[in-house]
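Structure first, commentary second.
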Amino acid sequence: MEQVNQTGSIESNSTNCPSIDDFRNQVYSTSYSLITVLGLVGNGFALMVLIRTHRQSSPFHVYMLNLAVSDLLCVMTLPLRVLYYVNKGQWNHGDFLCRISSYALYVNLYCSIYFMAVMSVTRFLAIVYPVQNMRLVTENRARLVCVGVWVFICLSSSPFLMSGQHFDPITNKTKCFEPPDKGAGVQKLVILNYLSLVLGFVLPFLVILLCYAGIVRALLSRTHAARRQRGTGTRAIRMIVIVLLTFLISFMPYHVQRSIHLTSLSRNATCSEKVSMQKSVVVTLCLAASNSCFDPLLYFFSGEGFRSRLSSLRQTMKGNSLNRTARLKPIAGSECGENHQLKTS
């Protein structure tokens, strides 16, 4: 709930507490710049590989493709945030882009969580119920699941489109990502927070944990069958590690801190507590946005055949390059022959 998260300048002006504006502007502008570069390079490259090798498609491939698209859509709005904080909290890009920039971050955040959950369920079915998996998990059903995730997340995140830019008479600046009135909408934000906490984080995280418990149990109980499916088991373990690290680093600190921060707004706190709370909110929001940088690791280390797709793409590009070279050689040879004839004549 970024509208509550970034209230440092407002609270500091209404009390005698020191402002964290300099800290906020520096951390956000630096972090979002780094996330933009890493996110564009990593997800752009992954998306290129996935699209160029679409003939090798699978349900997991469909989920990876949608996750990469979600990350890219979010990363493309981050430069607007960078400009906002470089300009020290002055928004110059209009109300529409203010709403879309805030909306895109939360759509990506919860789409990432849900796509990780459905990918975990897919891997669970492939390992624990391999026979039923062949019948239940298909590309068409994966596409339907992705459409359902997009529709659900886009609709449930629509409240973030309700608030856009506003003019702050105290600082004489046009603001974005911050509430115009801290007191009026706190109850609404508290309700939105708990809904998104339960539906957007706790529920999918429990599904992921249950799937991983089933996967680990199945892998430990197998002997010869596990050896025959060694590649599948290895990909599953890699996926467990990467997804859990993403949750522990990006998603969990942000949701915990956001809930604590909203609760603290309803009680009187000392200046040092307010400043510490606001700084921790800045850091955890940057960690939440950084999930776009973790997803390419998921594609490369646990995606079904992603590295083989990359190798086949390299071979295809190398073959095309050799074909072009072979076509150019006769032309070069004919030119040499013509030059030789000119000299002898």
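In the structure tokens, each chain is lettered A, B, ... as it comes, each chain's residues begin at 1, and ligands are numbered from 1 in order of appearance.
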
Run DSSP on the backbone of this structure and report the residues of range 85-287 of chain A it assigns to strand (DSSP E or B), as a JSON list (two decimals) with N, CA and C atoms, in the first residue's frame.
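Dumped everything to result-v2.json:
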[["chain", "number", "residue", "atom", "x", "y", "z"],
["A", 166, "HIS", "N", -1.85, 14.80, -6.71],
["A", 166, "HIS", "CA", -2.53, 15.85, -5.96],
["A", 166, "HIS", "C", -1.52, 16.93, -5.60],
["A", 167, "PHE", "N", -2.03, 18.12, -5.38],
["A", 167, "PHE", "CA", -1.15, 19.24, -5.04],
["A", 167, "PHE", "C", -1.05, 19.37, -3.53],
["A", 168, "ASP", "N", 0.18, 19.46, -3.03],
["A", 168, "ASP", "CA", 0.44, 19.62, -1.60],
["A", 168, "ASP", "C", 0.76, 21.09, -1.33],
["A", 173, "LYS", "N", 4.21, 21.39, -4.05],
["A", 173, "LYS", "CA", 4.61, 20.44, -5.09],
["A", 173, "LYS", "C", 3.42, 19.55, -5.47],
["A", 174, "THR", "N", 3.46, 19.08, -6.71],
["A", 174, "THR", "CA", 2.47, 18.08, -7.15],
["A", 174, "THR", "C", 2.99, 16.71, -6.78],
["A", 175, "LYS", "N", 2.20, 15.97, -6.01],
["A", 175, "LYS", "CA", 2.64, 14.70, -5.45],
["A", 175, "LYS", "C", 2.02, 13.51, -6.18]]

Point to revise | Spatial neighbours of range 30-45 of chain A, 7 Å, only C-alpha atoms, chain gap at least 2 places, as a PyMOL selection string | key: chain A and resi 26-28+47-49+68+71-72+75+78-79+82+286+290+292-293+296

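Considering the residues A:Asn291, A:Ser19, A:Thr138, A:Thr171 and counting only C-alpha atoms, Cys111 in chain A has its shortest atom-to-atom contact with A:Asn291.
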
Check your understanding: So, counting only C-alpha atoms, which residue among A:Leu285, A:Ala213, A:Leu197, A:Val62 is closest to Ile127 in chain A?
Key ->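 Comparing A:Leu285, A:Ala213, A:Leu197, A:Val62 against Ile127 in chain A, the winner is A:Ala213.
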
Exercise for review: Identify, on the basis of only C-alpha atoms, every residue whose closest approach to Arg81 in chain A does not exceed 10 Å; exclude the query and any residue fewer than 6 positions from it along the same chain; express the result as a PyMOL selection string.
Suggested key: chain A and resi 25+28-29+32-33+87+89+91+98+101-102+176-177

Would you save the residues of that selection, restricted to N, CA and C atoms, as a PDB file, in the first residue's frame?
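Ended up saving to out21.pdb:
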ATOM      1  N   ASN A  25      14.347   9.870  -1.176  1.00  0.00           N
ATOM      2  CA  ASN A  25      14.621  10.191  -2.576  1.00  0.00           C
ATOM      3  C   ASN A  25      15.865   9.476  -3.090  1.00  0.00           C
ATOM      4  N   TYR A  28      15.126   5.424  -3.151  1.00  0.00           N
ATOM      5  CA  TYR A  28      14.193   5.050  -4.208  1.00  0.00           C
ATOM      6  C   TYR A  28      14.790   5.260  -5.597  1.00  0.00           C
ATOM      7  N   SER A  29      15.396   6.414  -5.834  1.00  0.00           N
ATOM      8  CA  SER A  29      15.932   6.698  -7.168  1.00  0.00           C
ATOM      9  C   SER A  29      17.055   5.731  -7.531  1.00  0.00           C
ATOM     10  N   TYR A  32      15.384   1.941  -7.775  1.00  0.00           N
ATOM     11  CA  TYR A  32      14.536   1.764  -8.954  1.00  0.00           C
ATOM     12  C   TYR A  32      15.352   1.819 -10.246  1.00  0.00           C
ATOM     13  N   SER A  33      16.413   2.621 -10.265  1.00  0.00           N
ATOM     14  CA  SER A  33      17.285   2.657 -11.453  1.00  0.00           C
ATOM     15  C   SER A  33      17.959   1.306 -11.664  1.00  0.00           C
ATOM     16  N   ASN A  87      13.570  14.400  -8.821  1.00  0.00           N
ATOM     17  CA  ASN A  87      13.025  15.759  -8.716  1.00  0.00           C
ATOM     18  C   ASN A  87      12.561  16.092  -7.299  1.00  0.00           C
ATOM     19  N   GLY A  89      10.458  14.626  -5.174  1.00  0.00           N
ATOM     20  CA  GLY A  89       9.043  14.528  -4.863  1.00  0.00           C
ATOM     21  C   GLY A  89       8.152  15.450  -5.660  1.00  0.00           C
ATOM     22  N   TRP A  91       6.004  15.677  -9.113  1.00  0.00           N
ATOM     23  CA  TRP A  91       5.470  14.869 -10.217  1.00  0.00           C
ATOM     24  C   TRP A  91       5.084  15.779 -11.381  1.00  0.00           C
ATOM     25  N   CYS A  98       0.446   8.812 -13.253  1.00  0.00           N
ATOM     26  CA  CYS A  98       0.598   8.608 -11.811  1.00  0.00           C
ATOM     27  C   CYS A  98      -0.192   7.390 -11.364  1.00  0.00           C
ATOM     28  N   SER A 101       1.353   4.096 -12.919  1.00  0.00           N
ATOM     29  CA  SER A 101       2.634   3.713 -12.312  1.00  0.00           C
ATOM     30  C   SER A 101       2.420   3.013 -10.978  1.00  0.00           C
ATOM     31  N   SER A 102       1.497   3.542 -10.174  1.00  0.00           N
ATOM     32  CA  SER A 102       1.201   2.912  -8.892  1.00  0.00           C
ATOM     33  C   SER A 102       0.523   1.562  -9.094  1.00  0.00           C
ATOM     34  N   CYS A 176       2.727  12.385  -6.124  1.00  0.00           N
ATOM     35  CA  CYS A 176       2.216  11.107  -6.613  1.00  0.00           C
ATOM     36  C   CYS A 176       2.734  10.030  -5.662  1.00  0.00           C
ATOM     37  N   PHE A 177       2.023   8.904  -5.587  1.00  0.00           N
ATOM     38  CA  PHE A 177       2.393   7.787  -4.708  1.00  0.00           C
ATOM     39  C   PHE A 177       2.252   8.148  -3.224  1.00  0.00           C
TER      40      PHE A 177
END

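Excluding Met239 in chain A itself and any same-chain residue fewer than 4 positions from it, the protein and nucleic acid residues within 8 Å of it, counting only C-alpha atoms, are Arg235, Val243, Leu298, Phe301 and Ser302 of chain A.
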
Go ahead and save the picked residues with C-alpha atoms, as a PDB file, in the first residue's frame.
ATOM      1  CA  ARG A 235      14.632 -28.607 -11.212  1.00  0.00           C
ATOM      2  CA  VAL A 243      10.896 -19.146  -4.858  1.00  0.00           C
ATOM      3  CA  LEU A 298      13.707 -18.976 -11.877  1.00  0.00           C
ATOM      4  CA  PHE A 301      17.715 -22.668 -13.122  1.00  0.00           C
ATOM      5  CA  SER A 302      14.314 -24.340 -12.808  1.00  0.00           C
TER       6      SER A 302
END

Review point. Taking the backbone alone, and naming residues the way the document does, which bits of range 35-234 of chain A are helix (DSSP H, G or I) by DSSP, as a PyMOL selection string?
Key: chain A and resi 35-52+54-56+59-75+78-86+94-128+130-136+139-156+158-161+186-221+224-228+230-234

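One finds CA of Gly200 in chain A at 8.5 Å from CA of Ile153 in chain A.
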
Exercise for review: Write out as a ChimeraX atom specification the residues lying within 8 Å of Phe115 in chain A, counting only C-alpha atoms and excluding same-chain residues fewer than 3 positions away.
Suggested key: /A:63,66-67,111-112,118-119,146,149

**Study point:** Nearest candidate to Leu144 in chain A (options A:Ile208, A:Pro59, A:Asp295, A:Cys17; using only C-alpha atoms)
**Key:**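 Closest candidate: A:Pro59.
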
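Distances here use only C-alpha atoms; by that measure, the residue among A:Tyr254, A:Ile237, A:Ile100, A:Gly148 closest to Leu220 in chain A is A:Ile237.
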
Check your understanding: With distances taken over only C-alpha atoms, which of A:Ser120, A:Thr284, A:Thr270, A:Asn172 is nearest to Ile249 in chain A?
Key ->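 Looking at the shortest contact to Ile249 in chain A, the residue is A:Thr284.
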
**Study point:** Within 9 Å of Asn193 in chain A using only C-alpha atoms, minus same-chain residues under 5 positions, as a ChimeraX atom specification
**Key:** /A:1,188,198,255,258-259,262

Store the residues of this selection in a file with N, CA and C atoms, as a PDB file, in the first residue's frame.
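result16.pdb, freshly written:
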ATOM      1  N   MET A   1       0.851  -1.179   0.000  1.00  0.00           N
ATOM      2  CA  MET A   1       0.000   0.000   0.000  1.00  0.00           C
ATOM      3  C   MET A   1       0.893   1.237   0.000  1.00  0.00           C
ATOM      4  N   LYS A 188      -9.808   2.822   5.139  1.00  0.00           N
ATOM      5  CA  LYS A 188      -9.943   2.167   3.840  1.00  0.00           C
ATOM      6  C   LYS A 188      -8.668   1.417   3.474  1.00  0.00           C
ATOM      7  N   VAL A 198      -4.174 -11.314   2.877  1.00  0.00           N
ATOM      8  CA  VAL A 198      -4.717 -12.674   2.941  1.00  0.00           C
ATOM      9  C   VAL A 198      -4.796 -13.295   1.546  1.00  0.00           C
ATOM     10  N   HIS A 255       5.193  -7.164   3.152  1.00  0.00           N
ATOM     11  CA  HIS A 255       3.842  -7.343   3.682  1.00  0.00           C
ATOM     12  C   HIS A 255       3.808  -7.237   5.205  1.00  0.00           C
ATOM     13  N   ARG A 258       4.396  -3.461   5.996  1.00  0.00           N
ATOM     14  CA  ARG A 258       3.241  -2.661   5.603  1.00  0.00           C
ATOM     15  C   ARG A 258       2.121  -2.762   6.643  1.00  0.00           C
ATOM     16  N   SER A 259       1.883  -3.971   7.133  1.00  0.00           N
ATOM     17  CA  SER A 259       0.845  -4.177   8.148  1.00  0.00           C
ATOM     18  C   SER A 259       1.212  -3.488   9.463  1.00  0.00           C
ATOM     19  N   LEU A 262       0.764   0.368   9.020  1.00  0.00           N
ATOM     20  CA  LEU A 262      -0.630   0.799   9.055  1.00  0.00           C
ATOM     21  C   LEU A 262      -1.182   0.759  10.473  1.00  0.00           C
TER      22      LEU A 262
END
